[in-house]
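Before any comments, here is the structure.
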Amino acid sequence: MSVQRLRFHGLFRKYFLVLFLAVVIPLAANGISEAWFGYRDQRARLDQLLGVEARSAAARIQGFLDDITGQLGWLVQLPWTGELDERRRIDALRLLRQVPAIVSLTLVDGSGRERLYVSRIGLNRTESHTDRSGEPAIIGARSARLWYGEVSYYRGSEPYLTVAISGNRPSVGAVVAEVNLKLIWDVISSIRVGQTGYAFVLDSPGRLIAHPDISLVLRGADEATLAPFQAARQAVGPTSAGFATSHDAEGSPIAVAAAPIPGPDWTIVVEQPLTEAFGPIYAALWRTGVLLLGGALFAGLLAYALARRMTQPIRLLEEGTERIGAGQFDHLIEIRTGDELQRLADSFNAMAAELAVSQERQERIAKLKRFLAPQVAELVDRKGDDGVLEGRRTEVVVVFCDLRGFTAFSARAAPEEVMSVLSEYYDALGAIITRYAATLTSFSGDGLMVLVNAPVPVDEPAVRAVDLAVEMQVSVQELIVGWRERGYRIGFGVGLAMGPATVGRIGYENRFDYTAIGSVVNLAARLCASASDSEILVDATAAEAVKDKRHVHPIGMRLIKGYDEEFLVYCVGFTQRPQAS
Amino acid sequence: MRRRDALAWLGGAAAWTLPVRAQSPAMPIIGYLAPESPRPFDSRLKAFRQGLADAGYVEGRNVEIEYRWAEGRYDRLPALAADLASQKVAVLVASGGAPAALAAKAATKTITIVFEMGGDPVALGVVDSLSRPGGNLTGVSSLSVEVSRKRLEFMHDLRPAAPSFAAAVNPTSPTSGSQVRNLQAAAEALGVRLHVMNASNEGEFEAMFLAATREQAGGLVFTSDPYFAFRSTQLADLCFRYSMPAVTQSRDFPAAGGLMSYGGDFAQSHRRAGSYAGQVLSGAKPSGLPVQLVTKVELVINLKTANSLSIAVPPSLISGADMVIE
């Protein structure tokens, strides 16, 4: 049963696995491919987005500087003539008020001498005529019109930038402005990349110029503070193509992109936390994961239900065949699936019914075999009809035989000896009866009765019966030799008679015997009783039937018990086989 | 769509449980040390609270403020600072000038101090450097002290013919020495004489104006000092009575009828101080918060007063002014 159970379990698992995988694999393939393409799309989108953000932020920073230089341009339009013009002074002061980032302004004439200096903090100077033509700002402005200096840190903290701009002709001179870059904060802090992303500006040596967290900028050229920002710029690389990943000061991963600010040769870097940048794809992944899980769960339930549905009938079939195999032919396998399995169950049921019929017949035949010769039994079996066993009147030859002196022997001898003698005796007789296809009707103790020509008629029944009797005598006489050697005084006599008798089955329920009823049976029994050892007595009818074929001779009239008159009794002559010894 | 709604609902449910936890610890306390009384500090406090709000803190909701007012008696500042320090406040804000900052510094070495002053915190020995303050202090400095020479320059622009000017100095101020040196150098550069007048309390104001008038000073230039700055109305009245043109650091002065002011924008400096206090509450270390300098220095002129003093304000001044009261 456990093996059966295991096999059943295996089939269920197989079905379950196949059904489950059939749903889950396409689902997973779809989910994974969707996630992969989503990831690629998101990367591409991020590439584009951060690129645009970087360029726009760069434009805004450039705008901040352009605004300053544009304002400064107004101061270098008129040529210097003679004394300092009051208008020019007012313009400079007004500019200071206009552009809060400018800390001080220096106006230089065509020959490079300082004519006016105005400051928010320090004292103003007019007409100092200091020669400033050798300063890099003036040289730079003269050669390139617009010149940006290096960023310097005022008192090691605030980033300052010197901007110089010259007019379109030498006579208008140049203006040099000190710009406090802390004011870029207004611009940089308004730049938002996504939800929490931001931008920062580095100059060409990699110092922080602008950052939404002003404290970082005010720390000046501090290596530890600058390291993550420089690393971020390094990650993007000099080509500024696409975004790269780096880590911020807290070590969290970020997506960064950069764009150059061409004027002062700065770089603006925009960064966005990777978790946010990939937020949509993470959300999609999460969604896909949940869907996959849900799908797998659903598929599992579905597969379980289906596998159960599929294996249930098989299990019923299995159980049914087991019961049928155990002989329970009336068991009905109930499967109502309306498919091949139902058909299979139906044919199993039909088979069980046929088996029941067949077994019934087998049992009947087995019973027949008890008294019919195997050949006859086979015949009846083949015909599938035991009509031959029906009662009827027919000509039969009845053969009786028994042992002489057996009763006395059995009273004396040990049971084992008795059984051994009987066993040898019946072994010998049984083989002969079978060979002659005679019908054994009954036996009891040492005597038995055999019919010839019933239930199946044979050619020359008398001859056959005589031959049968002769062979019986010969075989038993051989046994008797052995028995006598052992000291048993046993003999064997046979009687046979021919005549009409009523043959058929008699008995009740399952206990049936085939037998013959009639005077011929009595006669044969009496003949047997009167036969002495190694004698075969035959009645006149049988003797008449074999007289030309077998050697029979009358032995005279005998009075047979139960009969009023004497009969002429014949004896069959036979020769004993020579002793093997 | 429904799925997303469900997720949003879940997220909302999670967020809803958070404030309950966030509220459980006691609210942090800011100790606020100021040299004056609450009334003149009204506008400053407003800016300070704005700065706190920038950092995400609102008084009464997620932060409490413990105020200590010296009521103009600067000698009381150390005791008040010590009192706040003993209360174990989360952050100590020393507002309204160097005296408060120095008192706070003396009171504690462990509680973070956020100062707001007009002087140079490095020169005053409050911090070691602007970019790396070190210790337990950081804060904001307006440029008021540094620009006192500009006040003399503006006064000179206003009265170019005057040969001498008076400088009002509070000798008890820790920055007075440097300011006087600064002014004297400027006077030399401008070619004018400078009369230094001392006044360290309200009782000496009158005498100071008398002296300035006696010296026929072209105008009175006030050095940057919180004591002067918070008495703008009183000074404006005295200027009016003595017909003395004067310039101070605080915009309250021209607003109260004084002639002119030039100094750092206190709204900006107090707001930054508030923002720093908020950042400290959020866990920032003072060493990571560089001292901020206020970038905006504003010039305010009251033309009405100029007219009543029969002073013609030159266009260069008017064009450079951030605010002109007509």
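If you're wondering about the labels, chains in the structure tokens are A, B, ... by order shown, residues count from 1 in each chain, ligands from 1 in order shown.
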
Find the residues of chain B in contact range of chain A, meaning any atom within 7 Å when counting only C-alpha atoms, and list them as a PDB file with C-alpha atoms, in the first residue's frame.
```pdb
ATOM      1  CA  LEU B 130      35.741  81.434  10.205  1.00  0.00           C
ATOM      2  CA  SER B 131      35.837  78.248   8.117  1.00  0.00           C
ATOM      3  CA  ARG B 132      36.650  75.956  11.060  1.00  0.00           C
ATOM      4  CA  GLU B 146      34.162  96.479   9.899  1.00  0.00           C
ATOM      5  CA  VAL B 147      32.173  99.143   8.074  1.00  0.00           C
ATOM      6  CA  LYS B 150      32.376 103.717   5.745  1.00  0.00           C
ATOM      7  CA  GLU B 153      33.116 108.317   4.590  1.00  0.00           C
ATOM      8  CA  LEU B 289      29.140  74.960  10.579  1.00  0.00           C
ATOM      9  CA  PRO B 290      31.506  77.723   9.445  1.00  0.00           C
ATOM     10  CA  SER B 316      26.014 109.594  -5.428  1.00  0.00           C
ATOM     11  CA  SER B 319      21.903 106.309  -5.849  1.00  0.00           C
ATOM     12  CA  GLY B 320      23.908 104.040  -3.584  1.00  0.00           C
ATOM     13  CA  ASP B 322      19.283 100.773  -0.324  1.00  0.00           C
TER      14      ASP B 322
END
```

Neighbours of Gln50 of chain B within 8 Å (only C-alpha atoms; same-chain residues fewer than 5 positions away dropped), as a VMD selection string? chain B and resid 271 274 to 275

Pick out the residues sitting within 7 Å of Asp109 of chain A, and hand them over as a PyMOL selection string; count only C-alpha atoms, and ignore anything fewer than 5 positions along from it in its own chain. chain A and resi 80+114-115+171-174

If you keep C-alpha atoms, can you produce a file of those selected residues as a CSV table (one decimal), in the first residue's frame?
```csv
chain,number,residue,atom,x,y,z
A,80,TRP,CA,38.4,108.5,-20.1
A,114,GLU,CA,43.3,103.2,-11.3
A,115,ARG,CA,40.8,106.1,-11.4
A,171,SER,CA,40.6,104.3,-24.4
A,172,VAL,CA,37.5,103.2,-22.3
A,173,GLY,CA,39.7,101.3,-20.0
A,174,ALA,CA,38.6,98.4,-17.9
```

Which polymer residues have any atom within 12 Å of an atom of Gly97 of chain B, counting only C-alpha atoms, with same-chain residues fewer than 6 positions away left out, as JSON, numbers by chain? {"B": [33, 34, 35, 36, 72, 74, 77, 103, 104, 114, 115, 116, 117, 118, 119, 120, 121, 124, 126, 139, 140, 141, 142, 143, 144, 145, 173, 174, 175, 224, 225, 226, 227, 228, 229, 230, 266, 269, 270]}

Can you list every residue in segment 203-263 of chain B that DSSP puts in strand (DSSP E or B), as a ChimeraX atom specification? /B:220-222,246-248,260-263

Point-to-point distance from atom CA of Ala524 of chain A to atom CA of Leu479 of chain A, Å rounded to tenths: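 Here the two named atoms are 23.6 Å from each other.
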
If you count only C-alpha atoms, which residues fall within 12 Å of Phe154 of chain B, apart from same-chain ones fewer than 4 positions away, as a PyMOL selection string? (chain A and resi 120-124) or (chain B and resi 147-150+158-160+165+186-187+190+218-221+245-248+259-262+299-301+313-314+316-318+320-321)

Among listed residues B:Thr112, B:Ser200, B:Val122, B:Ala277, nearest Tyr57 of chain B (using only C-alpha atoms): B:Ala277

Write down as a VMD selection string the residues of segment 79-293 of chain B whose backbone DSSP state falls under alpha helix (DSSP H). chain B and resid 79 to 86 98 to 107 148 to 158 176 to 190 205 to 214 226 to 229 232 to 242 252 to 255 266 to 281
